[in-house]
Amino acid sequence: MNSITVHSSSRNEMIDITMEVQEVVDKSGVKDGYAILYVPHTTAAVTVNEGADPSVKHDILSALNKLVPHDAGYNHAEGNSDAHIKSSIIGCSQTVLIENGKLLLGTWQHIFFFEGDGPRTRKVYIEIFGK
Amino acid sequence: MNSITVHSSSRNEMIDITMEVQEVVDKSGVKDGYAILYVPHTTAAVTVNEGADPSVKHDILSALNKLVPHDAGYNHAEGNSDAHIKSSIIGCSQTVLIENGKLLLGTWQHIFFFEGDGPRTRKVYIEIFGK
Amino acid sequence: MNSITVHSSSRNEMIDITMEVQEVVDKSGVKDGYAILYVPHTTAAVTVNEGADPSVKHDILSALNKLVPHDAGYNHAEGNSDAHIKSSIIGCSQTVLIENGKLLLGTWQHIFFFEGDGPRTRKVYIEIFGK
């Protein structure tokens, strides 16, 4: 199984992994098909959003922190329930189409690894399927 | 790549695209497999929900507006951070199974394009894969 | 189409279906590929999260109830708008990779059926695709 390693440096972070995913597509030789990205962690996620202006990922992280505060009287004793909740809201997998050997992203779209309980070293599985 | 065009007429909107997606399935000739729907925009999304009572989509849009207000002191200067945030919460892709040439939806399920920053003309990529 | 039946016993519930999904993978004989899980209901969903400590699913359900209260002046008259909204937030489908005949889940990951309007008898479609 192909995978990439992601290093987060703060508790909440969105890390652009578009180039790394494209490299896996390149190596696969697949021209038309799709990539399944899968995060095997329960306090992280994967999403697609605007990559041009870094204030967008700041606003997403900030909104998620308001919706799901770090400390809110959770039962789970590890202090990271907020990250588990965000993981299910954003989702741990993402499918992206591939056309002519390139990820078929919109003009502004980048692929982001969402870290909810960093800093940590994480993994994203990437499986490429041809048409 | 197959795609359909969606025209939104207000800022927040859920537009039923079930028939258009089924037409793409029909043309593909695929009897058993699945459709990957992919929205190449960062202020829109795609979701499946009840299509019988229009008050359901009203309630979904209204709840999203309460959770992620239009103006809430965001950093991103384009005034559409709420739409970016909702896009990552709802998600820009959806997989739907196909059986006997038909989208395998539940009794009440319809496929909706979610517009978060309309009115605009949008695109949804639809790729059909046979089993 | 393969499917499993899920019985919920309360209004909001997360039910671990990992073993049932693995059984469908086993019967398929597929060694490497992926499973598409699809919930054909509009007040339920499917998600992957921590299965070791039951307080995690408690915290997820509790946070969703705070974000989307049961009664909040919704238009839809059936009293289950909260469940429709949660369904679109969590999502009605999930893709999981398969390696060597096993669901490629992270150490702590289990697959959960999310019930938002139980108790009910529900269905999850599971389609297995080989590489």
# chains A, B, ... in the order shown; residues from 1 in each chain; ligands from 1
>>> select_by_dssp(residues="segment 4-126 of chain B", states="alpha helix (DSSP H)", output="number ranges by chain")
B: 18-28, 54-67, 81-90
>>> residues_around(residues="Ser55 of chain A", least_positions_apart="5", cutoff="10 Å", atoms="only C-alpha atoms", output="number ranges by chain")
A: 50, 60-61; B: 74-77, 81
>>> interface_residues(of="chain A", to="chain B", cutoff="8 Å", atoms="only C-alpha atoms", output="JSON, numbers by chain")
{"A": [47, 48, 49, 50, 53, 55, 56, 58, 59, 60, 63, 67, 89, 90, 94, 95, 96, 97, 99, 104, 105, 106, 107, 108, 109, 131]}
>>> residues_around(residues="Arg120 of chain C", least_positions_apart="6", cutoff="8 Å", atoms="only C-alpha atoms", output="PyMOL selection string")
chain C and resi 7-9
>>> select_by_dssp(residues="chain B", states="strand (DSSP E)", output="ChimeraX atom specification")
/B:2-7,13-16,33-38,44-50,93-99,102-103,109-115,121-130
>>> atom_distance(atom1="atom CA of Glu23 of chain A", atom2="atom CA of Val46 of chain A")
17.3 Å
>>> residues_around(residues="Lys31 of chain A", least_positions_apart="6", cutoff="7 Å", atoms="only C-alpha atoms", output="list in words")
Ile98, Glu99, Asn100 and Gly101 of chain A
>>> write_last_selection(atoms="N, CA and C atoms", output="CSV table (one decimal), in the first residue's frame")
chain,number,residue,atom,x,y,z
A,98,ILE,N,-8.7,11.3,-11.4
A,98,ILE,CA,-7.4,11.5,-12.1
A,98,ILE,C,-7.7,11.6,-13.6
A,99,GLU,N,-7.2,12.6,-14.3
A,99,GLU,CA,-7.4,12.7,-15.7
A,99,GLU,C,-6.1,13.0,-16.4
A,100,ASN,N,-5.7,12.3,-17.4
A,100,ASN,CA,-4.4,12.5,-18.1
A,100,ASN,C,-3.2,12.6,-17.1
A,101,GLY,N,-3.3,11.7,-16.1
A,101,GLY,CA,-2.2,11.5,-15.2
A,101,GLY,C,-2.1,12.6,-14.1
>>> atom_distance(atom1="atom CA of Glu13 of chain C", atom2="atom CA of Val124 of chain C")
15.1 Å
>>> atom_distance(atom1="atom CA of Asn12 of chain C", atom2="atom CA of Lys102 of chain C")
29.1 Å
